[in-house]
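Text of start.csv, listed as CSV, C-alpha atoms:
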```
chain,number,residue,atom,x,y,z
A,1,MET,CA,0.0,0.0,0.0
A,2,ALA,CA,1.5,3.3,-1.1
A,3,SER,CA,1.1,6.6,0.7
A,4,GLY,CA,2.1,10.1,0.1
A,5,THR,CA,2.2,9.5,-3.7
A,6,ILE,CA,-0.3,12.1,-4.6
A,7,LYS,CA,0.0,15.9,-4.8
A,8,ILE,CA,-3.1,17.9,-5.6
A,9,ARG,CA,-3.7,21.6,-6.1
A,10,ALA,CA,-7.1,23.1,-6.9
A,11,LYS,CA,-8.0,26.7,-7.2
A,12,ALA,CA,-11.6,27.9,-7.8
A,13,VAL,CA,-12.1,31.0,-10.1
A,14,ASP,CA,-15.6,32.0,-10.9
A,15,GLY,CA,-17.1,28.7,-9.8
A,16,VAL,CA,-14.7,26.6,-11.8
A,17,ALA,CA,-11.7,24.8,-10.2
A,18,GLU,CA,-8.8,23.7,-12.2
A,19,VAL,CA,-7.4,20.7,-10.5
A,20,LYS,CA,-3.8,19.7,-11.0
A,21,ALA,CA,-2.4,16.5,-9.7
A,22,LEU,CA,0.9,14.7,-9.7
A,23,ILE,CA,1.3,11.1,-8.8
A,24,SER,CA,4.6,9.3,-8.0
A,25,HIS,CA,4.5,6.1,-9.9
A,26,PRO,CA,7.0,4.2,-12.2
A,27,MET,CA,4.3,3.6,-14.9
A,28,GLU,CA,6.5,0.8,-16.2
A,29,LEU,CA,5.9,-0.7,-19.7
A,30,MET,CA,6.3,-4.4,-20.2
A,31,SER,CA,9.8,-4.7,-21.6
A,32,LYS,CA,12.4,-7.3,-22.5
A,33,ASN,CA,16.1,-6.8,-22.0
A,34,LYS,CA,17.7,-7.4,-25.4
A,35,THR,CA,20.9,-9.0,-24.0
A,36,THR,CA,19.6,-11.1,-21.1
A,37,GLY,CA,16.1,-11.8,-22.4
A,38,GLU,CA,14.7,-10.9,-19.0
A,39,VAL,CA,11.1,-9.8,-19.1
A,40,VAL,CA,10.2,-6.9,-16.9
A,41,PRO,CA,6.4,-7.0,-16.3
A,42,ALA,CA,4.3,-3.8,-16.8
A,43,HIS,CA,3.6,-1.9,-13.6
A,44,PHE,CA,1.1,1.0,-14.1
A,45,ILE,CA,-1.9,2.7,-12.6
A,46,GLN,CA,-5.1,1.2,-14.1
A,47,ASP,CA,-7.8,3.1,-12.4
A,48,MET,CA,-8.2,6.5,-10.9
A,49,VAL,CA,-11.1,8.5,-9.6
A,50,ALA,CA,-11.5,12.1,-8.5
A,51,GLU,CA,-14.3,12.9,-6.1
A,52,LEU,CA,-15.7,16.3,-5.2
A,53,ASN,CA,-17.4,16.3,-1.8
A,54,GLY,CA,-17.7,12.5,-2.0
A,55,LYS,CA,-19.2,12.4,-5.5
A,56,PRO,CA,-17.1,11.0,-8.4
A,57,VAL,CA,-16.4,13.8,-11.0
A,58,LEU,CA,-13.7,12.1,-13.1
A,59,THR,CA,-13.1,8.4,-13.4
A,60,GLY,CA,-10.1,7.3,-15.5
A,61,GLN,CA,-8.9,4.1,-16.9
A,62,TRP,CA,-5.2,4.3,-17.8
A,63,SER,CA,-2.7,2.2,-19.7
A,64,SER,CA,1.1,2.0,-19.3
A,65,GLY,CA,1.1,4.7,-22.1
A,66,ILE,CA,0.7,7.4,-19.5
A,67,SER,CA,4.1,8.9,-18.6
A,68,LYS,CA,6.1,8.1,-15.5
A,69,ASN,CA,5.0,10.1,-12.5
A,70,PRO,CA,1.6,10.9,-14.1
A,71,TYR,CA,0.4,14.5,-14.3
A,72,LEU,CA,-3.3,15.1,-14.6
A,73,ALA,CA,-5.3,18.3,-14.9
A,74,PHE,CA,-9.0,18.7,-15.1
A,75,LYS,CA,-11.7,21.3,-14.5
A,76,VAL,CA,-14.8,20.9,-12.3
A,77,ASN,CA,-17.5,23.2,-11.0
A,78,ALA,CA,-16.5,23.8,-7.5
A,79,LYS,CA,-16.0,26.6,-4.9
A,80,ALA,CA,-13.4,27.3,-2.3
A,81,GLY,CA,-13.7,24.9,0.7
A,82,ASP,CA,-15.0,22.0,-1.3
A,83,THR,CA,-13.2,18.7,-0.7
A,84,LEU,CA,-11.4,17.0,-3.6
A,85,LYS,CA,-10.2,13.4,-3.2
A,86,LEU,CA,-8.1,11.5,-5.7
A,87,SER,CA,-7.5,7.8,-5.6
A,88,TRP,CA,-5.6,5.4,-7.8
A,89,LYS,CA,-5.1,1.7,-8.1
A,90,ASP,CA,-2.4,-0.1,-10.1
A,91,ASN,CA,-2.2,-3.5,-11.8
A,92,LYS,CA,-0.4,-5.0,-8.9
A,93,GLY,CA,-3.1,-4.0,-6.5
A,94,ASP,CA,-1.3,-1.1,-4.9
A,95,SER,CA,-3.3,2.0,-4.3
A,96,ASP,CA,-3.3,5.4,-2.6
A,97,SER,CA,-5.6,8.3,-2.1
A,98,ALA,CA,-5.3,11.9,-1.0
A,99,GLU,CA,-7.7,14.8,-0.1
A,100,GLU,CA,-7.3,18.5,-0.6
A,101,LYS,CA,-9.5,21.5,-0.1
A,102,VAL,CA,-10.3,23.7,-3.1
A,103,GLY,CA,-8.5,27.0,-2.6
B,1,MET,CA,23.4,2.4,3.4
B,2,SER,CA,22.0,3.3,6.8
B,3,ILE,CA,20.1,6.3,5.4
B,4,GLN,CA,18.5,4.1,2.8
B,5,ARG,CA,17.6,1.6,5.4
B,6,ARG,CA,15.9,4.3,7.5
B,7,THR,CA,13.9,5.5,4.5
B,8,ILE,CA,12.7,2.0,3.8
B,9,LEU,CA,11.7,1.4,7.4
B,10,LYS,CA,9.9,4.7,7.5
B,11,GLY,CA,8.1,3.8,4.3
B,12,ALA,CA,7.1,0.4,5.7
B,13,LEU,CA,5.7,2.0,8.8
B,14,ALA,CA,3.7,4.6,6.9
B,15,SER,CA,2.3,2.1,4.5
B,16,SER,CA,1.3,-0.3,7.3
B,17,ALA,CA,-0.7,2.5,8.9
B,18,VAL,CA,-2.6,3.0,5.6
B,19,GLY,CA,-3.1,-0.8,5.4
B,20,VAL,CA,-4.8,-0.8,8.8
B,21,ALA,CA,-7.0,2.1,7.7
B,22,VAL,CA,-8.1,0.1,4.6
B,23,GLY,CA,-8.6,-3.0,6.7
B,24,ALA,CA,-10.9,-1.0,8.9
B,25,GLY,CA,-12.9,0.2,5.9
B,26,LEU,CA,-11.8,3.8,6.3
B,27,LEU,CA,-10.3,4.0,2.9
B,28,ALA,CA,-11.8,1.9,0.1
B,29,PRO,CA,-10.8,3.3,-3.2
B,30,GLN,CA,-11.6,0.1,-5.1
B,31,GLN,CA,-15.3,0.7,-4.3
B,32,VAL,CA,-15.5,3.8,-6.5
B,33,LEU,CA,-12.9,2.9,-9.1
B,34,ALA,CA,-14.3,1.7,-12.4
B,35,ALA,CA,-13.5,-1.8,-13.7
B,36,TRP,CA,-10.5,-1.6,-16.0
B,37,SER,CA,-11.3,-2.7,-19.5
B,38,LYS,CA,-8.6,-5.4,-20.3
B,39,GLU,CA,-10.0,-5.9,-23.8
B,40,ALA,CA,-9.7,-2.3,-24.8
B,41,PHE,CA,-6.3,-1.6,-23.2
B,42,GLU,CA,-4.7,-4.8,-24.5
B,43,ALA,CA,-6.0,-4.3,-28.1
B,44,LYS,CA,-3.2,-3.8,-30.6
B,45,ALA,CA,-5.4,-2.1,-33.2
B,46,VAL,CA,-7.0,1.3,-32.6
B,47,GLY,CA,-10.3,0.0,-34.0
B,48,ASP,CA,-10.5,-2.9,-31.6
B,49,ALA,CA,-9.7,-0.7,-28.6
B,50,LEU,CA,-12.4,1.8,-29.5
B,51,LYS,CA,-14.9,-0.9,-30.2
B,52,ALA,CA,-14.3,-2.4,-26.8
B,53,LEU,CA,-14.9,1.0,-25.2
B,54,GLY,CA,-18.1,1.6,-27.3
B,55,LEU,CA,-16.4,4.4,-29.2
B,56,ALA,CA,-16.4,3.0,-32.7
B,57,GLY,CA,-17.6,5.1,-35.7
B,58,ALA,CA,-16.4,8.5,-34.4
B,59,ALA,CA,-17.2,11.6,-36.5
B,60,ALA,CA,-14.5,14.3,-36.9
B,61,SER,CA,-15.5,17.4,-35.1
B,62,ALA,CA,-14.2,21.0,-34.8
B,63,ASP,CA,-15.7,21.1,-31.3
B,64,VAL,CA,-13.0,18.8,-30.1
B,65,THR,CA,-9.5,20.2,-29.6
B,66,VAL,CA,-6.3,18.2,-29.1
B,67,LYS,CA,-3.4,20.3,-27.8
B,68,ALA,CA,0.0,18.7,-28.2
B,69,PRO,CA,3.4,19.9,-29.3
B,70,ASP,CA,4.2,19.8,-33.1
B,71,ILE,CA,7.6,18.3,-32.2
B,72,ALA,CA,8.2,16.3,-29.1
B,73,GLU,CA,11.9,15.8,-28.4
B,74,ASN,CA,11.2,13.2,-25.7
B,75,GLY,CA,8.6,10.7,-26.6
B,76,ALA,CA,8.4,9.5,-23.0
B,77,VAL,CA,6.7,12.7,-21.9
B,78,VAL,CA,4.4,14.3,-24.4
B,79,PRO,CA,1.9,16.8,-22.9
B,80,VAL,CA,-1.6,16.3,-24.3
B,81,THR,CA,-4.7,18.3,-23.5
B,82,VAL,CA,-8.1,17.5,-24.8
B,83,GLU,CA,-10.9,20.0,-24.7
B,84,SER,CA,-14.4,20.3,-26.1
B,85,THR,CA,-17.0,23.0,-26.4
B,86,MET,CA,-19.8,20.5,-26.5
B,87,LYS,CA,-22.4,20.1,-23.8
B,88,ASP,CA,-23.1,16.9,-21.9
B,89,VAL,CA,-19.8,15.3,-22.5
B,90,GLN,CA,-19.8,11.8,-21.0
B,91,SER,CA,-16.3,10.6,-21.7
B,92,ILE,CA,-12.9,11.7,-23.1
B,93,SER,CA,-10.4,9.1,-24.4
B,94,ILE,CA,-6.8,9.5,-25.7
B,95,VAL,CA,-5.3,7.2,-28.3
B,96,ALA,CA,-1.7,7.2,-29.7
B,97,GLU,CA,-2.4,5.6,-33.1
B,98,LYS,CA,0.9,3.8,-33.7
B,99,ASN,CA,1.8,2.8,-30.1
B,100,ALA,CA,2.0,-1.0,-29.6
B,101,LEU,CA,-0.9,-0.6,-27.2
B,102,PRO,CA,-2.7,2.4,-28.7
B,103,LEU,CA,-5.2,3.2,-26.0
B,104,ILE,CA,-3.7,5.6,-23.5
B,105,ALA,CA,-6.5,6.5,-21.3
B,106,SER,CA,-10.2,6.9,-21.0
B,107,PHE,CA,-12.0,9.3,-18.6
B,108,ASP,CA,-15.7,9.3,-17.6
B,109,LEU,CA,-17.0,12.6,-16.6
B,110,GLY,CA,-19.3,12.9,-13.6
B,111,ALA,CA,-21.7,15.7,-12.8
B,112,GLY,CA,-19.9,19.0,-12.5
B,113,ALA,CA,-16.8,18.0,-14.5
B,114,LEU,CA,-16.0,20.2,-17.5
B,115,PRO,CA,-14.8,18.7,-20.8
B,116,TYR,CA,-11.1,19.3,-20.2
B,117,VAL,CA,-8.4,16.8,-19.5
B,118,SER,CA,-4.7,17.3,-19.6
B,119,THR,CA,-2.0,14.7,-19.0
B,120,ARG,CA,1.4,13.5,-20.3
B,121,ILE,CA,1.7,10.4,-22.5
B,122,LYS,CA,4.4,8.1,-24.0
B,123,MET,CA,4.8,8.0,-27.8
B,124,GLY,CA,6.9,5.5,-29.6
B,125,SER,CA,7.3,7.4,-32.9
B,126,THR,CA,5.9,10.2,-35.0
B,127,MET,CA,2.1,9.7,-35.1
B,128,ASN,CA,-1.3,11.2,-34.6
B,129,VAL,CA,-2.7,11.7,-31.2
B,130,GLN,CA,-6.4,11.0,-31.4
B,131,ALA,CA,-9.0,12.3,-29.0
B,132,LEU,CA,-12.4,10.8,-28.7
B,133,VAL,CA,-15.3,12.7,-27.0
B,134,LYS,CA,-18.6,11.0,-26.3
B,135,ALA,CA,-21.4,13.5,-25.9
B,136,GLY,CA,-25.1,12.9,-26.1
B,137,GLY,CA,-24.6,9.3,-27.0
B,138,LYS,CA,-22.5,10.2,-30.1
B,139,VAL,CA,-18.8,9.9,-30.6
B,140,TYR,CA,-16.6,12.7,-32.0
B,141,GLU,CA,-12.9,12.8,-32.7
B,142,ALA,CA,-10.0,15.1,-33.4
B,143,LYS,CA,-6.4,14.4,-34.3
B,144,LYS,CA,-3.1,16.1,-34.0
B,145,GLU,CA,0.2,14.9,-35.4
B,146,VAL,CA,3.2,14.9,-33.1
B,147,LYS,CA,6.7,14.5,-34.6
B,148,VAL,CA,8.7,12.4,-32.1
B,149,THR,CA,12.5,12.8,-32.1
B,150,ILE,CA,13.3,10.1,-29.5
B,151,GLY,CA,10.7,7.4,-29.0
B,152,GLY,CA,9.4,6.9,-25.4
B,153,CYS,CA,8.3,3.3,-25.6
B,154,GLY,CA,11.7,1.6,-25.2
B,155,GLY,CA,12.2,-1.9,-26.2
```
I'd like the structure from this file rewritten - as structure tokens, please.
Amino acid sequence: MASGTIKIRAKAVDGVAEVKALISHPMELMSKNKTTGEVVPAHFIQDMVAELNGKPVLTGQWSSGISKNPYLAFKVNAKAGDTLKLSWKDNKGDSDSAEEKVG
Amino acid sequence: MSIQRRTILKGALASSAVGVAVGAGLLAPQQVLAAWSKEAFEAKAVGDALKALGLAGAAASADVTVKAPDIAENGAVVPVTVESTMKDVQSISIVAEKNALPLIASFDLGAGALPYVSTRIKMGSTMNVQALVKAGGKVYEAKKEVKVTIGGCGG
């Protein structure tokens, strides 16, 4: 179980909050070492969800094609003081979540 | 060595605390997370991936915008932003047409979410980034070519 992998920033302007999030994750593609033939299995975030005051506003399914240490920005109708929660789960069953108040 | 060991121990302690919280049902992300579509994400052809997501037969639309650099020096980190001016957008999906696994991500928008998603993706070579927007039960698409100097999908 991971922790402290998510950084969120959200600022509301005229009723719309732009949410920016950074997640620490290797987002490893499945790869094969050309000399040793060793196969490195893929390791990536598969599912993520952003909730505003407990209601899902953005649900994402990802592949290993999202860059390492994923960045995600989205916009949602929100006001200062609302609670944003972001959670992720990867293909190895690891997960994390974090909450942040809209500023 | 000892510093590293300390970090690892600290990490183990912190994660076990979260583990306890999950065990107690305080945190349960899997309850709200959607089921990952294996069929769509493991598809090697764009058409198969979109079909599996129910996004086949998209019509080109000027109301969908894909923002990405003309030239990406590093294919491992290509910023992509998808935006739409349409109302009632249900989902936004991003496809890198020539990647071995073309489907990058698919987002479902809940109440209150605006049709705007920005992220960073990996691209193996020069290709189109395709954005699919589902609105009012119909599927629309837009494309943007990105020239990739160094591919980001290693081998």
Residues near Lys92 of chain A, cut-off 9 Å, only C-alpha atoms, skip fewer than 5 positions along chain, as a PyMOL selection string: chain A and resi 43-45
With only C-alpha atoms as the atoms that count, which of B:Lys143, B:Thr119, B:Ala58, B:Thr126 lies nearest to Ile104 of chain B?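 Smallest separation from Ile104 of chain B among the options: B:Thr119.
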Would you list the contacts of segment 71-88 of chain B as a PyMOL selection string, taking every protein, DNA or RNA residue within 6 Å and counting only C-alpha atoms, but skipping same-chain residues closer than 4 positions in sequence? (chain A and resi 67) or (chain B and resi 63-67+115-123+135+146-152)
Those same residues - C-alpha atoms - I'd like them written as a tab-separated table (two decimals), keeping the file's coordinate frame.
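again24.tsv, written as the output of this step:
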```tsv
chain	number	residue	atom	x	y	z
A	67	SER	CA	4.10	8.90	-18.60
B	63	ASP	CA	-15.70	21.10	-31.30
B	64	VAL	CA	-13.00	18.80	-30.10
B	65	THR	CA	-9.50	20.20	-29.60
B	66	VAL	CA	-6.30	18.20	-29.10
B	67	LYS	CA	-3.40	20.30	-27.80
B	115	PRO	CA	-14.80	18.70	-20.80
B	116	TYR	CA	-11.10	19.30	-20.20
B	117	VAL	CA	-8.40	16.80	-19.50
B	118	SER	CA	-4.70	17.30	-19.60
B	119	THR	CA	-2.00	14.70	-19.00
B	120	ARG	CA	1.40	13.50	-20.30
B	121	ILE	CA	1.70	10.40	-22.50
B	122	LYS	CA	4.40	8.10	-24.00
B	123	MET	CA	4.80	8.00	-27.80
B	135	ALA	CA	-21.40	13.50	-25.90
B	146	VAL	CA	3.20	14.90	-33.10
B	147	LYS	CA	6.70	14.50	-34.60
B	148	VAL	CA	8.70	12.40	-32.10
B	149	THR	CA	12.50	12.80	-32.10
B	150	ILE	CA	13.30	10.10	-29.50
B	151	GLY	CA	10.70	7.40	-29.00
B	152	GLY	CA	9.40	6.90	-25.40
```
Between A:Glu99, A:Thr36, A:Ala2, A:Arg9, which is the closest to chain B once you count only C-alpha atoms?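 Checking each of A:Glu99, A:Thr36, A:Ala2, A:Arg9 against chain B, counting only C-alpha atoms, the winner is A:Ala2.
Atom CA of Ile6 of chain A is found 24.7 Å from atom CA of Val95 of chain B.
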Of the residues B:Gly136, B:Lys144, B:Asn128, B:Gln90, which is the one nearest to Pro102 of chain B, using all atoms listed in the file?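 Closest to Pro102 of chain B, using all atoms listed in the file: B:Asn128.
Nearest residue to chain B among A:Leu58, A:Ala12, A:Ala80, A:Ala98 is A:Leu58, counting only C-alpha atoms.
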Selected residue, from B:Met127, B:Leu132, B:Ala56, B:Leu103, that lies nearest to chain A when counting all atoms listed in the file: B:Leu103
Min atom-atom distance to chain B from the set A:Pro41, A:Gly60, A:Gly81, A:Gly93, counting all atoms listed in the file, belongs to A:Gly60
Expected answer as a PyMOL selection string: chain A residues within 10 Å of chain B, only C-alpha atoms: chain A and resi 1-4+16-22+28-34+46-52+55-78+86-89+91+93+95-97
In Å, how far is it from atom CA of Thr5 of chain A to atom CA of Ala43 of chain B?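 Here the two named atoms are 29.2 Å from each other.
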What separation in Å, quoted to one decimal, exists between atom CA of Glu39 of chain B and atom CA of Glu145 of chain B? 25.9 Å
